[in-house]
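> What follows is final.csv, CSV, N, CA, C and O atoms.
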```csv
chain,number,residue,atom,x,y,z
R,175,MET,N,3.5,26.3,17.4
R,175,MET,CA,3.2,25.1,16.7
R,175,MET,C,4.3,24.1,17.0
R,175,MET,O,5.4,24.4,17.0
R,176,GLY,N,3.8,22.9,17.3
R,176,GLY,CA,4.8,21.8,17.5
R,176,GLY,C,5.3,21.3,16.2
R,176,GLY,O,4.7,21.4,15.1
R,177,VAL,N,6.4,20.6,16.3
R,177,VAL,CA,7.0,20.0,15.1
R,177,VAL,C,6.7,18.5,15.1
R,177,VAL,O,6.8,17.8,16.1
R,178,MET,N,6.2,18.1,13.9
R,178,MET,CA,5.8,16.7,13.8
R,178,MET,C,7.1,15.8,13.5
R,178,MET,O,7.8,16.1,12.5
R,179,VAL,N,7.3,14.8,14.3
R,179,VAL,CA,8.5,14.0,14.1
R,179,VAL,C,8.0,12.6,13.6
R,179,VAL,O,7.1,12.0,14.3
R,180,ARG,N,8.5,12.2,12.5
R,180,ARG,CA,8.1,10.9,12.0
R,180,ARG,C,9.0,9.8,12.6
R,180,ARG,O,10.2,9.9,12.6
R,181,LEU,N,8.3,8.8,13.3
R,181,LEU,CA,9.1,7.7,13.9
R,181,LEU,C,9.7,6.8,12.9
R,181,LEU,O,9.1,6.6,11.8
R,182,PRO,N,10.8,6.2,13.2
R,182,PRO,CA,11.4,5.2,12.2
R,182,PRO,C,10.4,4.1,12.0
R,182,PRO,O,9.7,3.7,12.9
R,183,LEU,N,10.4,3.5,10.8
R,183,LEU,CA,9.6,2.4,10.5
R,183,LEU,C,10.1,1.1,11.2
R,183,LEU,O,11.3,0.9,11.3
R,184,THR,N,9.2,0.4,11.7
R,184,THR,CA,9.5,-0.9,12.3
R,184,THR,C,9.6,-2.0,11.2
R,184,THR,O,9.0,-1.8,10.1
R,185,PRO,N,10.2,-3.1,11.5
R,185,PRO,CA,10.2,-4.2,10.5
R,185,PRO,C,8.8,-4.6,10.1
R,185,PRO,O,8.5,-4.9,9.0
R,186,ALA,N,7.8,-4.5,11.1
R,186,ALA,CA,6.4,-4.9,10.8
R,186,ALA,C,5.8,-3.8,9.8
R,186,ALA,O,5.1,-4.2,8.9
R,187,ASP,N,6.2,-2.6,10.0
R,187,ASP,CA,5.7,-1.5,9.0
R,187,ASP,C,6.2,-1.8,7.6
R,187,ASP,O,5.4,-1.7,6.7
R,188,VAL,N,7.5,-2.1,7.5
R,188,VAL,CA,8.1,-2.4,6.2
R,188,VAL,C,7.4,-3.6,5.6
R,188,VAL,O,7.1,-3.6,4.4
R,189,GLU,N,7.2,-4.6,6.4
R,189,GLU,CA,6.5,-5.9,5.8
R,189,GLU,C,5.1,-5.6,5.4
R,189,GLU,O,4.7,-6.0,4.3
R,190,ARG,N,4.4,-4.8,6.2
R,190,ARG,CA,3.0,-4.4,5.8
R,190,ARG,C,3.0,-3.7,4.5
R,190,ARG,O,2.2,-3.9,3.6
R,191,GLY,N,4.0,-2.7,4.3
R,191,GLY,CA,4.1,-1.9,3.1
R,191,GLY,C,4.4,-2.8,1.9
R,191,GLY,O,3.9,-2.6,0.8
R,192,ARG,N,5.3,-3.8,2.1
R,192,ARG,CA,5.6,-4.7,1.0
R,192,ARG,C,4.4,-5.5,0.6
R,192,ARG,O,4.1,-5.7,-0.6
R,193,ARG,N,3.6,-6.0,1.6
R,193,ARG,CA,2.4,-6.8,1.3
R,193,ARG,C,1.4,-6.0,0.6
R,193,ARG,O,0.7,-6.4,-0.3
R,194,LEU,N,1.2,-4.7,1.1
R,194,LEU,CA,0.3,-3.8,0.4
R,194,LEU,C,0.6,-3.6,-1.0
R,194,LEU,O,-0.2,-3.7,-1.9
R,195,GLY,N,1.9,-3.3,-1.3
R,195,GLY,CA,2.4,-3.1,-2.7
R,195,GLY,C,2.1,-4.3,-3.5
R,195,GLY,O,1.6,-4.2,-4.7
R,196,GLU,N,2.4,-5.5,-3.0
R,196,GLU,CA,2.1,-6.8,-3.8
R,196,GLU,C,0.7,-6.9,-4.1
R,196,GLU,O,0.3,-7.3,-5.2
R,197,MET,N,-0.2,-6.6,-3.1
R,197,MET,CA,-1.6,-6.8,-3.3
R,197,MET,C,-2.1,-5.8,-4.4
R,197,MET,O,-2.9,-6.2,-5.3
R,198,LEU,N,-1.7,-4.6,-4.3
R,198,LEU,CA,-2.1,-3.6,-5.3
R,198,LEU,C,-1.6,-3.9,-6.7
R,198,LEU,O,-2.3,-3.8,-7.7
R,199,ARG,N,-0.4,-4.4,-6.8
R,199,ARG,CA,0.2,-4.9,-8.1
R,199,ARG,C,-0.7,-6.0,-8.7
R,199,ARG,O,-1.0,-6.0,-9.9
R,200,ARG,N,-1.0,-7.0,-7.8
R,200,ARG,CA,-1.8,-8.1,-8.3
R,200,ARG,C,-3.2,-7.6,-8.8
R,200,ARG,O,-3.7,-8.0,-9.8
R,201,ALA,N,-3.8,-6.7,-8.0
R,201,ALA,CA,-5.1,-6.3,-8.3
R,201,ALA,C,-5.1,-5.4,-9.6
R,201,ALA,O,-6.1,-5.4,-10.4
R,202,ARG,N,-4.0,-4.7,-9.8
R,202,ARG,CA,-3.9,-3.8,-11.0
R,202,ARG,C,-3.8,-4.7,-12.3
R,202,ARG,O,-4.3,-4.3,-13.3
R,203,GLY,N,-3.2,-5.9,-12.2
R,203,GLY,CA,-3.1,-6.8,-13.3
R,203,GLY,C,-2.4,-6.2,-14.5
R,203,GLY,O,-1.4,-5.6,-14.4
R,204,GLU,N,-3.2,-6.2,-15.6
R,204,GLU,CA,-2.6,-5.7,-16.9
R,204,GLU,C,-2.9,-4.2,-17.1
R,204,GLU,O,-2.5,-3.6,-18.1
R,205,ARG,N,-3.7,-3.6,-16.2
R,205,ARG,CA,-4.0,-2.2,-16.3
R,205,ARG,C,-2.8,-1.4,-16.2
R,205,ARG,O,-1.9,-1.7,-15.4
R,206,SER,N,-2.7,-0.3,-16.9
R,206,SER,CA,-1.6,0.6,-16.9
R,206,SER,C,-1.5,1.3,-15.6
R,206,SER,O,-2.5,1.8,-15.0
R,207,MET,N,-0.2,1.4,-15.1
R,207,MET,CA,0.0,2.1,-13.8
R,207,MET,C,-0.4,3.6,-14.0
R,207,MET,O,-1.0,4.1,-13.0
R,208,LEU,N,-0.2,4.2,-15.1
R,208,LEU,CA,-0.5,5.6,-15.3
R,208,LEU,C,-2.0,5.7,-15.2
R,208,LEU,O,-2.5,6.6,-14.5
R,209,ARG,N,-2.8,4.9,-15.9
R,209,ARG,CA,-4.3,5.0,-15.9
R,209,ARG,C,-4.8,4.8,-14.4
R,209,ARG,O,-5.7,5.6,-14.0
R,210,VAL,N,-4.3,3.8,-13.7
R,210,VAL,CA,-4.8,3.6,-12.3
R,210,VAL,C,-4.5,4.8,-11.5
R,210,VAL,O,-5.3,5.3,-10.7
R,211,ALA,N,-3.2,5.3,-11.6
R,211,ALA,CA,-2.8,6.4,-10.8
R,211,ALA,C,-3.7,7.6,-11.0
R,211,ALA,O,-4.2,8.3,-10.1
R,212,LEU,N,-3.9,7.9,-12.3
R,212,LEU,CA,-4.7,9.1,-12.7
R,212,LEU,C,-6.1,8.9,-12.2
R,212,LEU,O,-6.7,9.9,-11.7
R,213,ASP,N,-6.7,7.8,-12.4
R,213,ASP,CA,-8.1,7.5,-11.9
R,213,ASP,C,-8.2,7.7,-10.4
R,213,ASP,O,-9.2,8.1,-9.9
R,214,ALA,N,-7.1,7.3,-9.7
R,214,ALA,CA,-7.1,7.4,-8.2
R,214,ALA,C,-6.8,8.8,-7.7
R,214,ALA,O,-6.9,9.1,-6.5
R,215,GLY,N,-6.3,9.7,-8.6
R,215,GLY,CA,-5.9,11.0,-8.2
R,215,GLY,C,-4.6,11.1,-7.5
R,215,GLY,O,-4.3,12.0,-6.7
R,216,VAL,N,-3.7,10.1,-7.9
R,216,VAL,CA,-2.3,10.1,-7.3
R,216,VAL,C,-1.4,10.1,-8.5
R,216,VAL,O,-1.7,9.8,-9.6
R,217,SER,N,-0.1,10.5,-8.2
R,217,SER,CA,0.9,10.5,-9.3
R,217,SER,C,1.3,9.1,-9.6
R,217,SER,O,1.3,8.2,-8.6
R,218,PRO,N,1.7,8.8,-10.8
R,218,PRO,CA,2.2,7.5,-11.1
R,218,PRO,C,3.4,7.1,-10.3
R,218,PRO,O,3.6,6.0,-9.9
R,219,GLU,N,4.2,8.1,-9.9
R,219,GLU,CA,5.4,7.9,-9.1
R,219,GLU,C,5.0,7.4,-7.7
R,219,GLU,O,5.6,6.5,-7.1
R,220,THR,N,3.9,8.0,-7.2
R,220,THR,CA,3.4,7.6,-5.8
R,220,THR,C,3.0,6.1,-5.9
R,220,THR,O,3.3,5.3,-5.0
R,221,LEU,N,2.2,5.8,-6.9
R,221,LEU,CA,1.7,4.4,-7.1
R,221,LEU,C,2.9,3.5,-7.2
R,221,LEU,O,2.9,2.4,-6.6
R,222,ARG,N,3.9,3.9,-8.0
R,222,ARG,CA,5.0,3.0,-8.2
R,222,ARG,C,5.8,2.7,-6.9
R,222,ARG,O,6.1,1.6,-6.6
R,223,LYS,N,5.9,3.8,-6.1
R,223,LYS,CA,6.6,3.7,-4.8
R,223,LYS,C,5.8,2.8,-3.9
R,223,LYS,O,6.4,2.0,-3.1
R,224,ILE,N,4.5,2.9,-3.9
R,224,ILE,CA,3.7,2.1,-3.0
R,224,ILE,C,3.8,0.6,-3.5
R,224,ILE,O,4.0,-0.3,-2.7
R,225,GLU,N,3.7,0.4,-4.8
R,225,GLU,CA,3.7,-1.0,-5.3
R,225,GLU,C,5.0,-1.7,-5.0
R,225,GLU,O,5.1,-2.9,-4.9
R,226,THR,N,6.1,-0.9,-5.0
R,226,THR,CA,7.4,-1.5,-4.8
R,226,THR,C,7.8,-1.5,-3.3
R,226,THR,O,8.9,-1.9,-3.0
R,227,GLY,N,6.9,-1.0,-2.5
R,227,GLY,CA,7.2,-1.0,-1.0
R,227,GLY,C,8.1,0.1,-0.6
R,227,GLY,O,8.5,0.1,0.6
R,228,ARG,N,8.4,1.1,-1.4
R,228,ARG,CA,9.3,2.2,-1.0
R,228,ARG,C,8.6,3.2,-0.1
R,228,ARG,O,9.2,3.9,0.6
R,229,VAL,N,7.2,3.2,-0.2
R,229,VAL,CA,6.4,4.0,0.7
R,229,VAL,C,5.7,3.0,1.6
R,229,VAL,O,4.6,2.5,1.1
R,230,ALA,N,6.2,2.7,2.7
R,230,ALA,CA,5.7,1.6,3.5
R,230,ALA,C,4.4,2.0,4.3
R,230,ALA,O,3.6,1.1,4.6
R,231,THR,N,4.2,3.3,4.5
R,231,THR,CA,3.0,3.7,5.2
R,231,THR,C,2.4,4.9,4.5
R,231,THR,O,2.4,6.0,5.0
R,232,PRO,N,1.7,4.6,3.3
R,232,PRO,CA,1.1,5.6,2.6
R,232,PRO,C,-0.1,6.2,3.4
R,232,PRO,O,-0.7,5.5,4.2
R,233,ALA,N,-0.5,7.4,3.0
R,233,ALA,CA,-1.7,8.0,3.7
R,233,ALA,C,-2.9,7.3,3.4
R,233,ALA,O,-3.1,6.7,2.3
R,234,PHE,N,-3.8,7.2,4.4
R,234,PHE,CA,-5.1,6.5,4.2
R,234,PHE,C,-5.9,6.9,3.0
R,234,PHE,O,-6.3,6.1,2.3
R,235,PRO,N,-6.1,8.2,2.7
R,235,PRO,CA,-6.8,8.6,1.6
R,235,PRO,C,-6.2,8.1,0.3
R,235,PRO,O,-6.9,7.8,-0.7
R,236,THR,N,-4.9,8.0,0.2
R,236,THR,CA,-4.2,7.5,-1.0
R,236,THR,C,-4.5,6.0,-1.2
R,236,THR,O,-4.9,5.6,-2.3
R,237,ILE,N,-4.4,5.2,-0.1
R,237,ILE,CA,-4.8,3.8,-0.2
R,237,ILE,C,-6.2,3.6,-0.5
R,237,ILE,O,-6.6,2.8,-1.4
R,238,ALA,N,-7.1,4.4,0.1
R,238,ALA,CA,-8.6,4.3,-0.2
R,238,ALA,C,-8.9,4.6,-1.6
R,238,ALA,O,-9.7,3.9,-2.3
R,239,ALA,N,-8.2,5.6,-2.2
R,239,ALA,CA,-8.5,6.0,-3.6
R,239,ALA,C,-8.0,4.9,-4.6
R,239,ALA,O,-8.7,4.5,-5.5
R,240,ILE,N,-6.8,4.4,-4.3
R,240,ILE,CA,-6.3,3.3,-5.2
R,240,ILE,C,-7.1,2.1,-5.1
R,240,ILE,O,-7.4,1.4,-6.1
R,241,ALA,N,-7.5,1.7,-3.9
R,241,ALA,CA,-8.3,0.5,-3.6
R,241,ALA,C,-9.6,0.6,-4.4
R,241,ALA,O,-10.1,-0.3,-5.0
R,242,ASP,N,-10.2,1.8,-4.3
R,242,ASP,CA,-11.5,2.0,-5.0
R,242,ASP,C,-11.4,1.8,-6.5
R,242,ASP,O,-12.2,1.1,-7.1
R,243,VAL,N,-10.3,2.4,-7.1
R,243,VAL,CA,-10.1,2.2,-8.5
R,243,VAL,C,-9.9,0.8,-8.9
R,243,VAL,O,-10.4,0.3,-9.9
R,244,LEU,N,-9.2,0.0,-8.0
R,244,LEU,CA,-8.9,-1.4,-8.3
R,244,LEU,C,-10.1,-2.3,-7.9
R,244,LEU,O,-10.0,-3.5,-8.1
R,245,GLY,N,-11.2,-1.7,-7.3
R,245,GLY,CA,-12.3,-2.6,-6.9
R,245,GLY,C,-12.0,-3.4,-5.7
R,245,GLY,O,-12.6,-4.4,-5.5
R,246,LEU,N,-11.1,-2.9,-4.8
R,246,LEU,CA,-10.8,-3.6,-3.6
R,246,LEU,C,-11.5,-2.9,-2.4
R,246,LEU,O,-11.5,-1.7,-2.4
R,247,SER,N,-12.0,-3.7,-1.5
R,247,SER,CA,-12.6,-3.1,-0.3
R,247,SER,C,-11.5,-2.8,0.7
R,247,SER,O,-10.5,-3.5,0.7
R,248,LEU,N,-11.7,-1.8,1.5
R,248,LEU,CA,-10.6,-1.5,2.5
R,248,LEU,C,-10.5,-2.7,3.5
R,248,LEU,O,-9.5,-2.9,4.0
R,249,ASP,N,-11.7,-3.3,3.8
R,249,ASP,CA,-11.6,-4.5,4.6
R,249,ASP,C,-10.7,-5.6,4.1
R,249,ASP,O,-9.9,-6.2,4.8
R,250,ALA,N,-10.8,-5.8,2.8
R,250,ALA,CA,-9.9,-6.8,2.1
R,250,ALA,C,-8.5,-6.4,2.2
R,250,ALA,O,-7.6,-7.2,2.5
R,251,VAL,N,-8.2,-5.1,2.0
R,251,VAL,CA,-6.8,-4.6,2.0
R,251,VAL,C,-6.3,-4.8,3.4
R,251,VAL,O,-5.2,-5.4,3.6
R,252,TRP,N,-7.0,-4.4,4.4
R,252,TRP,CA,-6.6,-4.6,5.8
R,252,TRP,C,-6.3,-6.0,6.2
R,252,TRP,O,-5.4,-6.4,6.8
R,253,SER,N,-7.3,-6.9,5.8
R,253,SER,CA,-7.2,-8.3,6.1
R,253,SER,C,-5.9,-8.9,5.5
R,253,SER,O,-5.2,-9.6,6.2
R,254,GLU,N,-5.7,-8.5,4.3
R,254,GLU,CA,-4.5,-9.0,3.6
R,254,GLU,C,-3.2,-8.6,4.3
R,254,GLU,O,-2.3,-9.5,4.4
R,255,ILE,N,-3.1,-7.4,4.7
R,255,ILE,CA,-1.8,-6.9,5.2
R,255,ILE,C,-1.7,-7.2,6.7
R,255,ILE,O,-0.6,-7.3,7.2
R,256,SER,N,-2.8,-7.3,7.4
R,256,SER,CA,-2.7,-7.5,8.9
R,256,SER,C,-2.6,-8.9,9.3
R,256,SER,O,-1.9,-9.3,10.2
R,257,ASP,N,-3.4,-9.8,8.6
R,257,ASP,CA,-3.4,-11.2,9.0
R,257,ASP,C,-2.0,-11.8,8.9
R,257,ASP,O,-1.5,-12.5,9.8
R,258,ARG,N,-1.4,-11.6,7.8
R,258,ARG,CA,-0.1,-12.2,7.6
R,258,ARG,C,1.0,-11.6,8.5
R,258,ARG,O,1.8,-12.3,9.0
R,259,THR,N,0.9,-10.3,8.8
R,259,THR,CA,1.8,-9.7,9.8
R,259,THR,C,1.6,-10.3,11.2
R,259,THR,O,2.5,-10.7,11.9
R,260,SER,N,0.3,-10.5,11.6
R,260,SER,CA,0.0,-11.1,12.9
R,260,SER,C,0.5,-12.6,12.9
R,260,SER,O,1.1,-13.0,13.9
R,261,ALA,N,0.3,-13.3,11.8
R,261,ALA,CA,0.7,-14.7,11.8
R,261,ALA,C,2.2,-14.8,11.9
R,261,ALA,O,2.8,-15.7,12.5
R,262,GLN,N,2.9,-13.8,11.2
R,262,GLN,CA,4.4,-13.8,11.3
R,262,GLN,C,4.9,-13.6,12.7
R,262,GLN,O,5.8,-14.2,13.1
R,263,ARG,N,4.2,-12.6,13.4
R,263,ARG,CA,4.6,-12.3,14.8
R,263,ARG,C,4.5,-13.5,15.7
R,263,ARG,O,5.2,-13.8,16.6
R,264,ALA,N,3.4,-14.3,15.4
R,264,ALA,CA,3.1,-15.4,16.3
R,264,ALA,C,4.1,-16.6,16.1
R,264,ALA,O,4.2,-17.4,17.0
R,265,SER,N,4.7,-16.6,15.0
R,265,SER,CA,5.6,-17.8,14.7
R,265,SER,C,7.0,-17.5,15.2
R,265,SER,O,7.4,-16.5,15.7
```
Transcribe the structure of this file into structure tokens.

Amino acid sequence: MGVMVRLPLTPADVERGRRLGEMLRRARGERSMLRVALDAGVSPETLRKIETGRVATPAFPTIAAIADVLGLSLDAVWSEISDRTSAQRAS
């Protein structure tokens, strides 16, 4: 069996993670972090780390579950985090 090596995050990865966290925080609004996390089937600590950008590249099923609980489409999430990153690269 091969060993999986995680590549270091690029500045673009970190920026996408920050934007993702901001978007999820905005969408959560006044809802409790605990309630949203439990409804999504993730730990409150995981949600907190994603919202604060400490987990810049969360697993797809995690993002999908949180987005679903918050009523966000995955298209909207991707659009939010990729458009700004692309625009930043172009400038």
> So that I can see what lies close to region 210-221 of chain R, please list as a VMD selection string the residues with an atom at most 7 Å from it, counting all atoms listed in the file and leaving out residues fewer than 5 positions away in the same chain.
chain R and resid 195 205 226 to 227 229 235 to 236 238 to 240 243
> Work out how far CA of Met178 (chain R) is from CA of Lys223 (chain R), in Å to one decimal.
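CA of Met178 (chain R) lies 22.7 Å from CA of Lys223 (chain R).
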> May I ask which of the residues R:Ala250, R:Leu244, R:Ala233, R:Leu183 is the closest one to Arg202 (chain R), counting only C-alpha atoms?
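Using only C-alpha atoms, the shortest distance to Arg202 (chain R) belongs to R:Leu244.
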> Atom O of Thr231 (chain R) and atom O of Arg200 (chain R), how far apart in Å?
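Going from atom O of Arg200 (chain R) over to atom O of Thr231 (chain R) covers 21.3 Å.
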> Could you go through chain R and tell me which residues DSSP, when run on the backbone, assigns to alpha helix (DSSP H), listing them as an MDAnalysis selection string?
chainID R and resid 185:202 207:214 218:225 234:244 248:264
> Could you tell me how far atom N of Leu198 (chain R) lies from CA of Pro182 (chain R), in Å and to one decimal?
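The value is 23.2 Å.
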> List the neighbours of Gly191 (chain R) out to 6 Å using only C-alpha atoms; skip same-chain residues closer than 2 positions along the sequence, and give me the result as a JSON list (two decimals) with N, CA, C and O atoms, keeping the file's coordinate frame.

```json
[["chain", "number", "residue", "atom", "x", "y", "z"],
["R", 188, "VAL", "N", 7.50, -2.10, 7.50],
["R", 188, "VAL", "CA", 8.10, -2.40, 6.20],
["R", 188, "VAL", "C", 7.40, -3.60, 5.60],
["R", 188, "VAL", "O", 7.10, -3.60, 4.40],
["R", 189, "GLU", "N", 7.20, -4.60, 6.40],
["R", 189, "GLU", "CA", 6.50, -5.90, 5.80],
["R", 189, "GLU", "C", 5.10, -5.60, 5.40],
["R", 189, "GLU", "O", 4.70, -6.00, 4.30],
["R", 193, "ARG", "N", 3.60, -6.00, 1.60],
["R", 193, "ARG", "CA", 2.40, -6.80, 1.30],
["R", 193, "ARG", "C", 1.40, -6.00, 0.60],
["R", 193, "ARG", "O", 0.70, -6.40, -0.30],
["R", 194, "LEU", "N", 1.20, -4.70, 1.10],
["R", 194, "LEU", "CA", 0.30, -3.80, 0.40],
["R", 194, "LEU", "C", 0.60, -3.60, -1.00],
["R", 194, "LEU", "O", -0.20, -3.70, -1.90],
["R", 227, "GLY", "N", 6.90, -1.00, -2.50],
["R", 227, "GLY", "CA", 7.20, -1.00, -1.00],
["R", 227, "GLY", "C", 8.10, 0.10, -0.60],
["R", 227, "GLY", "O", 8.50, 0.10, 0.60],
["R", 230, "ALA", "N", 6.20, 2.70, 2.70],
["R", 230, "ALA", "CA", 5.70, 1.60, 3.50],
["R", 230, "ALA", "C", 4.40, 2.00, 4.30],
["R", 230, "ALA", "O", 3.60, 1.10, 4.60]]
```
